[in-house]
file protein-v4.cif (mmCIF, C-alpha atoms)
data_start
loop_
_atom_site.label_atom_id
_atom_site.label_comp_id
_atom_site.auth_asym_id
_atom_site.auth_seq_id
_atom_site.Cartn_x
_atom_site.Cartn_y
_atom_site.Cartn_z
CA MET A 1 -10.09 102.68 105.99
CA GLY A 2 -11.21 106.06 107.21
CA ALA A 3 -10.09 109.01 109.28
CA GLY A 4 -12.02 109.35 112.53
CA GLY A 5 -12.57 111.78 115.38
CA GLN A 6 -14.97 111.99 118.26
CA MET A 7 -17.61 113.91 116.32
CA ILE A 8 -17.21 112.72 112.75
CA SER A 9 -15.53 110.03 110.68
CA VAL A 10 -14.45 110.43 107.05
CA HIS A 11 -14.25 107.58 104.55
CA PRO A 12 -11.87 107.02 102.84
CA GLU A 13 -9.02 108.64 104.74
CA GLU A 14 -7.41 110.02 101.56
CA LEU A 15 -8.72 111.46 98.30
CA THR A 16 -7.68 109.36 95.32
CA PHE A 17 -7.93 110.79 91.80
CA GLU A 18 -7.33 108.81 88.62
CA LEU A 19 -5.57 111.36 86.46
CA GLU A 20 -6.11 111.33 82.71
CA LEU A 21 -4.78 114.27 80.74
CA GLU A 22 -7.29 116.85 79.52
CA LYS A 23 -10.06 115.21 81.57
CA PRO A 24 -11.46 116.11 85.01
CA SER A 25 -11.50 113.47 87.73
CA TYR A 26 -13.76 112.94 90.73
CA CYS A 27 -13.66 111.51 94.22
CA ASN A 28 -16.38 110.96 96.83
CA ILE A 29 -15.91 111.03 100.58
CA LYS A 30 -18.49 110.23 103.25
CA VAL A 31 -18.76 112.32 106.39
CA VAL A 32 -20.38 110.35 109.23
CA ASN A 33 -21.79 111.91 112.41
CA ASN A 34 -20.73 109.74 115.37
CA THR A 35 -22.77 111.59 117.99
CA GLU A 36 -26.32 112.12 119.14
CA HIS A 37 -26.00 115.82 118.34
CA HIS A 38 -26.27 117.83 115.14
CA VAL A 39 -22.80 118.42 113.73
CA ALA A 40 -21.76 120.99 111.15
CA PHE A 41 -18.71 120.46 108.98
CA LYS A 42 -16.72 122.51 106.50
CA VAL A 43 -14.19 121.36 103.86
CA LYS A 44 -11.08 123.41 103.13
CA THR A 45 -8.13 122.77 100.80
CA THR A 46 -4.67 124.17 100.24
CA SER A 47 -5.43 124.53 96.47
CA PRO A 48 -8.93 125.98 96.20
CA THR A 49 -8.51 126.89 92.51
CA LYS A 50 -7.78 123.28 91.56
CA TYR A 51 -10.75 121.61 93.28
CA PHE A 52 -14.51 122.01 93.29
CA VAL A 53 -16.23 120.69 96.45
CA ARG A 54 -20.00 120.10 96.81
CA PRO A 55 -21.24 120.51 99.40
CA ASN A 56 -18.29 122.28 100.97
CA ALA A 57 -20.26 122.72 104.20
CA SER A 58 -23.35 121.12 105.70
CA VAL A 59 -25.12 119.97 108.87
CA VAL A 60 -25.34 116.23 109.57
CA GLN A 61 -28.10 114.89 111.79
CA PRO A 62 -27.30 112.51 114.67
CA TRP A 63 -25.86 109.16 113.50
CA ASP A 64 -26.40 110.20 109.89
CA SER A 65 -23.94 110.81 107.05
CA CYS A 66 -23.33 113.11 104.09
CA THR A 67 -21.55 112.38 100.81
CA VAL A 68 -19.17 115.04 99.51
CA THR A 69 -18.05 115.08 95.86
CA VAL A 70 -14.65 116.59 95.08
CA SER A 71 -13.90 117.45 91.44
CA HIS A 72 -10.32 117.81 90.21
CA GLN A 73 -9.73 120.12 87.25
CA ALA A 74 -8.34 118.66 84.05
CA GLN A 75 -4.54 118.67 83.82
CA LYS A 76 -2.40 119.28 80.74
CA GLU A 77 0.53 117.24 82.05
CA TYR A 78 1.23 114.72 84.76
CA PRO A 79 2.93 115.97 87.95
CA PRO A 80 6.50 114.77 88.62
CA ASP A 81 6.47 111.21 89.97
CA MET A 82 2.67 111.49 90.24
CA GLN A 83 3.09 113.10 93.65
CA CYS A 84 0.63 115.63 95.06
CA LYS A 85 1.26 117.96 98.00
CA ASP A 86 -2.32 119.21 98.24
CA LYS A 87 -4.13 118.72 101.53
CA PHE A 88 -7.74 118.85 102.68
CA LEU A 89 -8.98 119.91 106.10
CA ILE A 90 -12.43 119.03 107.44
CA GLN A 91 -13.57 121.01 110.46
CA SER A 92 -16.57 119.97 112.55
CA ALA A 93 -18.51 121.46 115.46
CA LYS A 94 -21.69 120.70 117.38
CA VAL A 95 -24.61 122.98 116.51
CA PRO A 96 -28.22 123.39 117.75
CA PRO A 97 -30.81 121.03 116.16
CA SER A 98 -32.55 123.89 114.34
CA SER A 99 -29.34 125.08 112.71
CA ASP A 100 -29.33 125.72 108.96
CA MET A 101 -26.04 126.00 107.09
CA ASP A 102 -27.19 129.09 105.23
CA GLU A 103 -27.90 130.81 108.55
CA MET A 104 -24.82 129.51 110.34
CA PRO A 105 -22.78 132.24 112.05
CA SER A 106 -19.54 133.09 110.27
CA ASP A 107 -17.54 132.26 113.40
CA THR A 108 -18.93 128.71 113.70
CA PHE A 109 -15.55 127.16 112.97
CA ASN A 110 -13.41 129.78 114.68
CA LYS A 111 -11.36 128.36 117.52
CA ASP A 112 -11.98 129.84 120.95
CA CYS A 113 -12.24 128.62 124.50
CA ALA A 114 -16.03 128.28 124.41
CA LYS A 115 -16.23 125.94 121.40
CA VAL A 116 -14.81 122.58 120.48
CA ILE A 117 -13.61 122.44 116.89
CA GLU A 118 -12.48 119.07 115.58
CA GLU A 119 -10.21 118.87 112.56
CA LEU A 120 -9.32 115.99 110.25
CA LYS A 121 -6.64 116.22 107.59
CA LEU A 122 -6.76 114.26 104.32
CA ARG A 123 -4.03 113.93 101.74
CA VAL A 124 -4.44 113.65 97.97
CA VAL A 125 -3.20 110.65 95.97
CA TYR A 126 -2.82 110.49 92.19
CA THR A 127 -3.10 107.26 90.22
CA PHE A 128 -3.12 106.37 86.55
CA PRO A 129 -6.38 105.08 85.03
CA SER A 130 -6.93 101.55 86.32
CA GLN A 131 -6.07 98.64 84.05
CA SER A 132 -9.33 97.04 85.10
CA GLY A 133 -11.15 99.91 83.42
CA HIS A 134 -9.30 99.26 80.17
CA ALA A 135 -9.89 95.52 80.55
CA ASN A 136 -13.58 96.15 81.08
CA SER A 137 -13.64 98.42 78.03
CA GLU A 138 -11.91 95.77 75.93
CA GLU A 139 -14.25 93.12 77.28
CA GLU A 140 -17.28 95.27 76.53
CA SER A 141 -15.88 95.93 73.05
CA GLY A 142 -15.37 92.19 72.56
CA LEU A 143 -18.88 91.49 73.76
CA ALA A 144 -20.24 94.15 71.43
CA SER A 145 -18.32 92.65 68.49
CA SER A 146 -19.52 89.18 69.43
CA ALA A 147 -23.08 90.43 69.68
CA SER A 148 -22.74 92.17 66.31
CA GLY A 149 -21.33 88.98 64.75
CA GLN A 150 -24.14 86.97 66.31
CA ARG A 151 -26.72 89.37 64.88
CA GLY A 152 -25.10 89.05 61.44
CA SER A 153 -25.18 85.26 61.73
CA ASP A 154 -28.82 85.36 62.80
CA ILE A 155 -29.70 87.55 59.81
CA GLN A 156 -27.95 85.14 57.42
CA THR A 157 -29.77 82.20 59.00
CA LEU A 158 -33.13 83.94 58.66
CA GLN A 159 -32.35 84.81 55.04
CA ARG A 160 -31.44 81.19 54.28
CA LEU A 161 -34.62 79.92 55.97
CA LYS A 162 -36.68 82.41 53.96
CA GLU A 163 -35.10 81.23 50.71
CA GLU A 164 -35.75 77.59 51.62
CA ARG A 165 -39.36 78.41 52.47
CA ASP A 166 -39.85 80.22 49.16
CA ALA A 167 -38.33 77.25 47.29
CA ILE A 168 -40.65 74.82 49.06
CA LEU A 169 -43.68 76.99 48.31
CA GLN A 170 -42.66 77.19 44.65
CA GLN A 171 -42.32 73.39 44.48
CA ASN A 172 -45.73 73.00 46.08
CA HIS A 173 -47.27 75.31 43.47
CA GLN A 174 -45.56 73.32 40.69
CA PHE A 175 -46.83 70.04 42.10
CA GLN A 176 -50.34 71.50 42.35
CA ARG A 177 -50.25 72.63 38.73
CA GLU A 178 -49.07 69.21 37.55
CA LEU A 179 -51.77 67.54 39.63
CA ASP A 180 -54.45 69.76 38.07
CA ILE A 181 -53.16 68.89 34.57
CA LEU A 182 -53.32 65.16 35.34
CA LYS A 183 -56.86 65.54 36.68
CA ARG A 184 -57.99 67.35 33.54
CA ARG A 185 -56.40 64.70 31.30
CA ARG A 186 -58.08 61.91 33.23
CA ASN A 187 -61.44 63.68 32.99
CA ARG A 188 -61.02 64.12 29.23
CA LYS A 189 -60.20 60.43 28.81
CA SER A 190 -63.22 59.45 30.87
CA ASP A 191 -65.47 61.70 28.77
CA THR A 192 -64.08 60.25 25.51
CA GLY A 193 -64.57 56.67 26.65
CA PHE A 194 -68.09 57.38 27.71
CA SER A 195 -68.90 59.02 24.33
CA LEU A 196 -67.58 56.08 22.31
CA THR A 197 -69.48 53.58 24.43
CA PHE A 198 -72.64 55.58 24.15
CA ALA A 199 -72.22 55.91 20.36
CA ALA A 200 -71.61 52.19 19.97
CA PHE A 201 -74.61 51.38 22.08
CA ALA A 202 -76.78 53.83 20.15
CA GLY A 203 -75.58 52.39 16.84
CA LEU A 204 -76.35 48.85 17.97
CA VAL A 205 -79.82 49.89 19.05
CA GLY A 206 -80.35 51.61 15.70
CA ILE A 207 -79.32 48.46 13.82
CA MET A 208 -81.65 46.30 15.89
CA VAL A 209 -84.54 48.71 15.39
CA GLY A 210 -83.86 48.84 11.67
CA PHE A 211 -83.70 45.04 11.48
CA ILE A 212 -87.00 44.71 13.33
CA LEU A 213 -88.68 47.26 11.12
CA ASN A 214 -87.30 45.54 8.02
CA LEU A 215 -88.69 42.21 9.19
CA THR A 216 -92.02 43.79 9.98
CA LEU A 217 -92.36 45.49 6.62
CA SER A 218 -91.16 42.48 4.62
CA THR A 219 -93.55 39.96 6.25
CA PRO A 220 -96.76 39.48 4.14
CA PRO A 221 -100.05 40.08 5.87
CA ALA A 222 -101.95 36.94 6.90
CA THR A 223 -105.06 35.97 4.76
CA ALA A 224 -108.36 35.07 6.24
#

call {"tool": "encode", "arguments": {"input": "protein-v4.cif", "output": "C-alpha cells"}}
result
Amino acid sequence: MGAGGQMISVHPEELTFELELEKPSYCNIKVVNNTEHHVAFKVKTTSPTKYFVRPNASVVQPWDSCTVTVSHQAQKEYPPDMQCKDKFLIQSAKVPPSSDMDEMPSDTFNKDCAKVIEELKLRVVYTFPSQSGHANSEEESGLASSASGQRGSDIQTLQRLKEERDAILQQNHQFQRELDILKRRRNRKSDTGFSLTFAAFAGLVGIMVGFILNLTLSTPPATA
C-alpha cells in the first residue's frame, strides 16, 4: 500500500522501523512522479534530531521515481507500548525541466496563490526484530554447522582412503620383494643344476678319452 496524490505517490504509506536497542534502524520509501512534468519534493519530520534522511529533497523526472533512505538513531530503551508519535511530511511541486535542486529557490515549497503545493503525511511504526530474521539466522547457523560437520567427515574419509592406499602400496612392495627373492632362488637352482650336469658330462668324456688312450697305448704294434 502507498500514499498517493495527484503529483506523487509514496510507497509504503508508513515508515516501519525494526527497533533493536543500541542499534540504528533503516527504512526506504519510494517517491513516484505521476505526471508528465518535473516534480520537486522535500521531506520534513517532527523529530529532525532523531532521523537522518537522504536525499531529503530532489527533483523527479516525469513518470520516474526516487528512493529515499531514512535512518533512525539507536535507542537506549524501548518506547512505552512501542508507540511512536513522530510524523513525516512530503511536500511536492511542479518545477521547470531545467531545475536543479541545489539551485532551487528557497520559496519553492512556500504556499501561495500562484503555486500548487501537494502534501502527504506519513506516520512512523515501531516493530520488534522479526522472528523470521532469527529463524534465518538459526537456519544459517545450522547450515554452517552441517557444512562444518560435512567438511570434517570428508577430511576423515580422505585420511582413511590415504591410509588404505599407503597400506596397499606397502603390500605391493612386499610382494615385489618376495617375487624377486623367488626369482633369484630359481636362477641359483638352475645354475647349480647346469653345473652338475656339465661336470658329469665332462667327467664321462674324460673317462672315455682315457679309456681310448689306454687301449691305444696298450695295443702292440702290428708286425710286417

call {"tool": "resolve_selection", "arguments": {"input": "protein-v4.cif", "expression": "the PyMOL selection byres ((chain A and resi 93-95) around 12)", "output": "number ranges by chain"}}
result
A: 5-8, 33-42, 57-62, 90-92, 96-101, 103-105, 107-112, 114-120

call {"tool": "residues_around", "arguments": {"input": "protein-v4.cif", "residues": "stretch 87-89 of chain A", "least_positions_apart": "5", "cutoff": "7 Å", "atoms": "all atoms listed in the file", "output": "PyMOL selection string"}}
result
chain A and resi 43-46+119-124

call {"tool": "atom_distance", "arguments": {"input": "protein-v4.cif", "atom1": "atom CA of A:Glu22", "atom2": "atom CA of A:Gln75"}}
result
5.4 Å

call {"tool": "atom_distance", "arguments": {"input": "protein-v4.cif", "atom1": "atom CA of A:Thr16", "atom2": "atom CA of A:Asp86"}}
result
11.6 Å

call {"tool": "atom_distance", "arguments": {"input": "protein-v4.cif", "atom1": "atom CA of A:Arg186", "atom2": "atom CA of A:Gln170"}}
result
24.5 Å

call {"tool": "resolve_selection", "arguments": {"input": "protein-v4.cif", "expression": "the PyMOL selection byres ((chain A and resi 27) around 10)", "output": "mmCIF file with C-alpha atoms, keeping the file's coordinate frame"}}
result
data_model
loop_
_atom_site.group_PDB
_atom_site.id
_atom_site.type_symbol
_atom_site.label_atom_id
_atom_site.label_comp_id
_atom_site.auth_asym_id
_atom_site.auth_seq_id
_atom_site.Cartn_x
_atom_site.Cartn_y
_atom_site.Cartn_z
ATOM 1 C CA PRO A 12 -11.870 107.020 102.840
ATOM 2 C CA GLU A 14 -7.410 110.020 101.560
ATOM 3 C CA LEU A 15 -8.720 111.460 98.300
ATOM 4 C CA THR A 16 -7.680 109.360 95.320
ATOM 5 C CA PHE A 17 -7.930 110.790 91.800
ATOM 6 C CA GLU A 18 -7.330 108.810 88.620
ATOM 7 C CA SER A 25 -11.500 113.470 87.730
ATOM 8 C CA TYR A 26 -13.760 112.940 90.730
ATOM 9 C CA ASN A 28 -16.380 110.960 96.830
ATOM 10 C CA ILE A 29 -15.910 111.030 100.580
ATOM 11 C CA VAL A 53 -16.230 120.690 96.450
ATOM 12 C CA VAL A 68 -19.170 115.040 99.510
ATOM 13 C CA THR A 69 -18.050 115.080 95.860
ATOM 14 C CA VAL A 70 -14.650 116.590 95.080
ATOM 15 C CA SER A 71 -13.900 117.450 91.440
ATOM 16 C CA HIS A 72 -10.320 117.810 90.210
#

call {"tool": "residues_near_point", "arguments": {"input": "protein-v4.cif", "point": "(-2.9, 113.9, 76.1)", "cutoff": "8 Å", "atoms": "only C-alpha atoms", "output": "VMD selection string"}}
result
chain A and resid 20 to 22 76 to 77

call {"tool": "build_atoms", "arguments": {"input": "protein-v4.cif", "residues": "stretch 75-86 of chain A", "atoms": "all heavy atoms", "output": "JSON list (two decimals), keeping the file's coordinate frame"}}
result
[["chain", "number", "residue", "atom", "x", "y", "z"],
["A", 75, "GLN", "N", -5.96, 118.29, 83.83],
["A", 75, "GLN", "CA", -4.54, 118.67, 83.82],
["A", 75, "GLN", "C", -3.96, 118.48, 82.41],
["A", 75, "GLN", "O", -4.34, 117.56, 81.68],
["A", 75, "GLN", "CB", -3.76, 117.81, 84.81],
["A", 75, "GLN", "CG", -4.26, 117.93, 86.25],
["A", 75, "GLN", "CD", -4.06, 119.32, 86.82],
["A", 75, "GLN", "OE1", -2.93, 119.80, 86.92],
["A", 75, "GLN", "NE2", -5.16, 119.98, 87.19],
["A", 76, "LYS", "N", -3.03, 119.37, 82.04],
["A", 76, "LYS", "CA", -2.40, 119.28, 80.74],
["A", 76, "LYS", "C", -1.17, 118.38, 80.75],
["A", 76, "LYS", "O", -0.71, 117.93, 79.70],
["A", 76, "LYS", "CB", -2.01, 120.67, 80.25],
["A", 76, "LYS", "CG", -3.21, 121.58, 79.97],
["A", 76, "LYS", "CD", -2.78, 122.91, 79.42],
["A", 76, "LYS", "CE", -3.97, 123.80, 79.12],
["A", 76, "LYS", "NZ", -3.56, 125.11, 78.57],
["A", 77, "GLU", "N", -0.63, 118.13, 81.94],
["A", 77, "GLU", "CA", 0.53, 117.24, 82.05],
["A", 77, "GLU", "C", 0.52, 116.58, 83.42],
["A", 77, "GLU", "O", -0.08, 117.09, 84.37],
["A", 77, "GLU", "CB", 1.84, 118.01, 81.84],
["A", 77, "GLU", "CG", 2.04, 119.15, 82.82],
["A", 77, "GLU", "CD", 3.30, 119.94, 82.55],
["A", 77, "GLU", "OE1", 3.90, 119.77, 81.47],
["A", 77, "GLU", "OE2", 3.70, 120.72, 83.43],
["A", 78, "TYR", "N", 1.18, 115.43, 83.49],
["A", 78, "TYR", "CA", 1.23, 114.72, 84.76],
["A", 78, "TYR", "C", 2.24, 115.39, 85.70],
["A", 78, "TYR", "O", 3.30, 115.87, 85.25],
["A", 78, "TYR", "CB", 1.63, 113.26, 84.54],
["A", 78, "TYR", "CG", 0.56, 112.45, 83.84],
["A", 78, "TYR", "CD1", 0.76, 111.98, 82.54],
["A", 78, "TYR", "CD2", -0.63, 112.15, 84.48],
["A", 78, "TYR", "CE1", -0.22, 111.23, 81.90],
["A", 78, "TYR", "CE2", -1.61, 111.40, 83.85],
["A", 78, "TYR", "CZ", -1.41, 110.94, 82.56],
["A", 78, "TYR", "OH", -2.37, 110.21, 81.93],
["A", 79, "PRO", "N", 1.96, 115.41, 87.00],
["A", 79, "PRO", "CA", 2.93, 115.97, 87.95],
["A", 79, "PRO", "C", 4.14, 115.06, 88.08],
["A", 79, "PRO", "O", 4.07, 113.86, 87.79],
["A", 79, "PRO", "CB", 2.13, 116.03, 89.27],
["A", 79, "PRO", "CG", 1.09, 114.97, 89.12],
["A", 79, "PRO", "CD", 0.73, 114.95, 87.67],
["A", 80, "PRO", "N", 5.28, 115.59, 88.47],
["A", 80, "PRO", "CA", 6.50, 114.77, 88.62],
["A", 80, "PRO", "C", 6.26, 113.62, 89.61],
["A", 80, "PRO", "O", 5.76, 113.83, 90.72],
["A", 80, "PRO", "CB", 7.53, 115.77, 89.17],
["A", 80, "PRO", "CG", 7.02, 117.10, 88.75],
["A", 80, "PRO", "CD", 5.54, 117.01, 88.78],
["A", 81, "ASP", "N", 6.59, 112.41, 89.15],
["A", 81, "ASP", "CA", 6.47, 111.21, 89.97],
["A", 81, "ASP", "C", 5.04, 110.98, 90.46],
["A", 81, "ASP", "O", 4.82, 110.24, 91.43],
["A", 81, "ASP", "CB", 7.41, 111.27, 91.18],
["A", 81, "ASP", "CG", 8.87, 111.37, 90.75],
["A", 81, "ASP", "OD1", 9.20, 110.80, 89.70],
["A", 81, "ASP", "OD2", 9.64, 112.03, 91.45],
["A", 82, "MET", "N", 4.09, 111.64, 89.86],
["A", 82, "MET", "CA", 2.67, 111.49, 90.24],
["A", 82, "MET", "C", 2.44, 111.78, 91.73],
["A", 82, "MET", "O", 1.59, 111.17, 92.38],
["A", 82, "MET", "CB", 2.17, 110.08, 89.89],
["A", 82, "MET", "CG", 2.04, 109.82, 88.41],
["A", 82, "MET", "SD", 0.71, 110.79, 87.64],
["A", 82, "MET", "CE", -0.72, 109.91, 88.26],
["A", 83, "GLN", "N", 3.21, 112.73, 92.24],
["A", 83, "GLN", "CA", 3.09, 113.10, 93.65],
["A", 83, "GLN", "C", 2.26, 114.38, 93.77],
["A", 83, "GLN", "O", 2.33, 115.28, 92.93],
["A", 83, "GLN", "CB", 4.47, 113.31, 94.28],
["A", 83, "GLN", "CG", 5.34, 112.06, 94.28],
["A", 83, "GLN", "CD", 4.74, 110.95, 95.12],
["A", 83, "GLN", "OE1", 4.26, 111.20, 96.23],
["A", 83, "GLN", "NE2", 4.77, 109.74, 94.59],
["A", 84, "CYS", "N", 1.47, 114.46, 94.83],
["A", 84, "CYS", "CA", 0.63, 115.63, 95.06],
["A", 84, "CYS", "C", 0.82, 116.10, 96.51],
["A", 84, "CYS", "O", 0.74, 115.30, 97.45],
["A", 84, "CYS", "CB", -0.83, 115.31, 94.80],
["A", 84, "CYS", "SG", -1.94, 116.72, 95.04],
["A", 85, "LYS", "N", 1.06, 117.39, 96.68],
["A", 85, "LYS", "CA", 1.26, 117.96, 98.00],
["A", 85, "LYS", "C", 0.00, 118.64, 98.54],
["A", 85, "LYS", "O", 0.03, 119.23, 99.63],
["A", 85, "LYS", "CB", 2.41, 118.98, 97.96],
["A", 85, "LYS", "CG", 3.75, 118.35, 97.60],
["A", 85, "LYS", "CD", 4.85, 119.40, 97.60],
["A", 85, "LYS", "CE", 6.21, 118.78, 97.26],
["A", 85, "LYS", "NZ", 7.29, 119.79, 97.27],
["A", 86, "ASP", "N", -1.08, 118.57, 97.79],
["A", 86, "ASP", "CA", -2.32, 119.21, 98.24],
["A", 86, "ASP", "C", -2.87, 118.48, 99.47],
["A", 86, "ASP", "O", -2.74, 117.26, 99.61],
["A", 86, "ASP", "CB", -3.36, 119.19, 97.13],
["A", 86, "ASP", "CG", -2.91, 119.96, 95.90],
["A", 86, "ASP", "OD1", -2.04, 120.83, 96.05],
["A", 86, "ASP", "OD2", -3.41, 119.66, 94.79]]
